[in-house]
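Data block below; observations after.
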Amino acid sequence: MSAHISVLLQESLSALEIRPDGWYLDATFGRGGHSRAILAQLNEHGRLYAVDRDAQAAAEAASISDPRFYFAKTPFGNIGEAFSAEQGWRTGCLHGVLFDLGVSSPQLDEAMRGFSFNKEGPLDMRMDQESGMSARDWLFSHDEAALARIIRDLGGEPHTVAKRIAKAVFAVRERLQTTTQLAEVVAAAMPKKFYRPNFHPATQTFQALRMAVNDELGEIQRGLDAAVNLLTSGGVLAVISFHGGEDALVKRFIRAQEGEALPAEIPSDRGRVNQVLALVNPVIKPSAKDVAANPRCRSARLRKAVKL
């Protein structure tokens with residue numbers, strides 16, 4: 001298993017503009033890289049909350065013995081209710097929130113999690129293996145049209161390709177047990193003209209199924225809504241995304257929170273109405289050095305907004 005490398009670590013810390021006595025939330029604890037770096041910049045009055053629905057992440061969080069650190073095993077869509085009032089959790093309590101979206105390297109590298117098309121494992125793909133339906137369960141709970149739709153909408157495959165893959169999967173659905181079996185079916189169904197160098201033909205289908213199983217876009221929407229409510233005025237929302245659908249959702253969310261532009265003839269010091277967030281440019285991308293050290297980060301995008 002490869003060591004986990006926190007993506008855009010220093011850039012995230014800079015974006016959060018960490019104040020030593022501030023209160024922060026790491027909404028995607030993972031293996032704790034971002035959390036430990038944030039804790040290192042806090043004084044005795046600072047506080048870090050963190051959540052993750054992955055059991056291994058929860059076990060890693062349990063190894064942090066620090067009175068300034070609070071952890072809850074829950075999806076980040078539930079952050080609004082993740083902690084108690086006795087723990088200081090309330091509207092406007094946070095100076096910064098960080099999301100690092102998508103699947104982590106440890107999850108991809110462990111065959112039994114079922115995320116990888118390169119390693120034989122069960123068709124699971126759940127971020128939380130203690131709840132919800134597995135990928136195989138999902139295939140038996142939905143029809144062929146639903147599978148084609150997520151391969152198109154979440155995986156980004158052309159509609160005709162998505163339909164062809166879905167048809168091939170459903171033709172052998174009863175016999176599918178492992179990730180490599182699914183990958184072989186998808187690869188065989190994919191027209192050769194759509195093959196790309198150094199890109200497994202099952203990549204986008206696996207991505208789509210994983211995102212559907214974990215309701216990832218729904219979780220992001222709920223998490224962003226709650227994060228804005230938890231931020232104090234001047235607090236920072238920082239979001240790292242990897243997938244085009246994730247990034248588009250984040251962009252739409254921030255744009256909606258920026259409110260509507262006022263007509264030029266209406267005097268205003270802000271120039272917008274109902275504005276909650278202000279986008280901070282530019283979008284941060286990994287450097288060539290970052291990509292060389294961690295090729296999986298090549299598509300990462302860090303977006304920042306400040307609550308007014």
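Residues in the structure tokens are numbered from 1 in each chain, the chains being A, B, ... in the order shown, and ligands are numbered from 1 in the order shown.
The environment of Arg31 of chain A within 10 Å, counting only C-alpha atoms and disregarding residues fewer than 3 places along the same chain, consists of Ala3, His4, Ile5, Ser6, Thr28, His34, Ser35, Arg36, Asp52, Asp54, Gln56, Ala57, Ala58, Ala59, Glu60, Ala61, Ser104, Ser105 and Pro106 of chain A.
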List every residue of segment 10-203 of chain A that DSSP, applied to the backbone of this structure, places in helix (DSSP H, G or I), and write the result as a PyMOL selection string. chain A and resi 10-16+33-39+55-62+76-81+85-87+105-109+111-113+135-141+144-153+159-171+173-175+179-189+192-194+203
With 8 Å as the cut-off and only C-alpha atoms counted, what is the closest atom pair between each nearby residue of segment 50-156 of chain A and segment 161-171 of chain A? Distances in Å to one decimal, ordered by chain and number, as a tab-separated table.
```
residue	atom	partner	partner_atom	distance
A:Glu144	CA	A:Ala166	CA	5.7
A:Ala145	CA	A:Ala166	CA	7.5
A:Leu147	CA	A:Ala166	CA	5.8
A:Ala148	CA	A:Ala162	CA	4.9
A:Arg149	CA	A:Ala162	CA	7.2
A:Ile151	CA	A:Ala162	CA	5.5
A:Arg152	CA	A:Ala162	CA	5.6
```
Could you turn the residues from that selection into a file that holds C-alpha atoms, as a short mmCIF file (atom, residue, chain, number, x, y, z; two decimals), in the first residue's frame?
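This went into selection_28.cif:
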```cif
data_model
loop_
_atom_site.label_atom_id
_atom_site.label_comp_id
_atom_site.auth_asym_id
_atom_site.auth_seq_id
_atom_site.Cartn_x
_atom_site.Cartn_y
_atom_site.Cartn_z
CA GLU A 144 -30.00 -0.87 -16.86
CA ALA A 145 -31.17 2.64 -17.75
CA LEU A 147 -26.64 2.46 -14.75
CA ALA A 148 -26.28 4.00 -18.20
CA ARG A 149 -27.37 7.34 -16.80
CA ILE A 151 -22.00 6.27 -16.37
CA ARG A 152 -22.91 9.20 -18.61
#
```
Which residues, written as number ranges by chain, have at least one atom at most 9 Å from Leu8 of chain A, with only C-alpha atoms counted and residues fewer than 3 positions away on the same chain left out? A: 11-13, 240, 284-286, 290, 297, 300-302
Contact residues around Asn214 of chain A with only C-alpha atoms at 8 Å, ignoring same-chain residues under 6 positions, as a PyMOL selection string: chain A and resi 125-127
Go ahead and save the picked residues with all heavy atoms, as an mmCIF file, in the first residue's frame.
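Once written, out25.cif looks like this:
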```cif
data_model
loop_
_atom_site.group_PDB
_atom_site.id
_atom_site.type_symbol
_atom_site.label_atom_id
_atom_site.label_comp_id
_atom_site.auth_asym_id
_atom_site.auth_seq_id
_atom_site.Cartn_x
_atom_site.Cartn_y
_atom_site.Cartn_z
ATOM 1 N N MET A 125 -17.117 -0.689 -2.756
ATOM 2 C CA MET A 125 -17.028 0.745 -3.082
ATOM 3 C C MET A 125 -17.649 1.674 -2.057
ATOM 4 O O MET A 125 -17.782 2.877 -2.302
ATOM 5 C CB MET A 125 -17.620 1.057 -4.462
ATOM 6 C CG MET A 125 -16.962 0.344 -5.613
ATOM 7 S SD MET A 125 -17.489 1.031 -7.198
ATOM 8 C CE MET A 125 -16.819 -0.193 -8.341
ATOM 9 N N ARG A 126 -18.026 1.174 -0.896
ATOM 10 C CA ARG A 126 -18.604 2.058 0.121
ATOM 11 C C ARG A 126 -17.508 2.790 0.885
ATOM 12 O O ARG A 126 -16.520 2.185 1.294
ATOM 13 C CB ARG A 126 -19.452 1.255 1.109
ATOM 14 C CG ARG A 126 -20.752 0.730 0.552
ATOM 15 C CD ARG A 126 -21.439 -0.189 1.552
ATOM 16 N NE ARG A 126 -20.641 -1.384 1.821
ATOM 17 C CZ ARG A 126 -20.891 -2.241 2.790
ATOM 18 N NH1 ARG A 126 -21.925 -2.040 3.610
ATOM 19 N NH2 ARG A 126 -20.130 -3.314 2.962
ATOM 20 N N MET A 127 -17.705 4.084 1.093
ATOM 21 C CA MET A 127 -16.801 4.841 1.958
ATOM 22 C C MET A 127 -16.926 4.352 3.402
ATOM 23 O O MET A 127 -15.949 4.312 4.149
ATOM 24 C CB MET A 127 -17.131 6.335 1.901
ATOM 25 C CG MET A 127 -16.986 6.964 0.526
ATOM 26 S SD MET A 127 -15.265 7.128 0.040
ATOM 27 C CE MET A 127 -15.453 8.163 -1.420
#
```
May I ask which of the residues A:Leu9, A:Val103, A:Ala212, A:Ala256 is the closest one to Met133 of chain A, counting only C-alpha atoms? A:Ala212
Interatomic distance between atom CA of Leu237 of chain A and atom CA of Gln204 of chain A?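 So the two atoms, atom CA of Leu237 of chain A and atom CA of Gln204 of chain A, lie 28.3 Å apart.
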From the set A:Arg298, A:His95, A:Arg136, A:Arg68, which residue has the shortest atom-to-atom contact distance to Leu209 of chain A, counting only C-alpha atoms?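 Checking each candidate against Leu209 of chain A, we get A:Arg136 as the closest.
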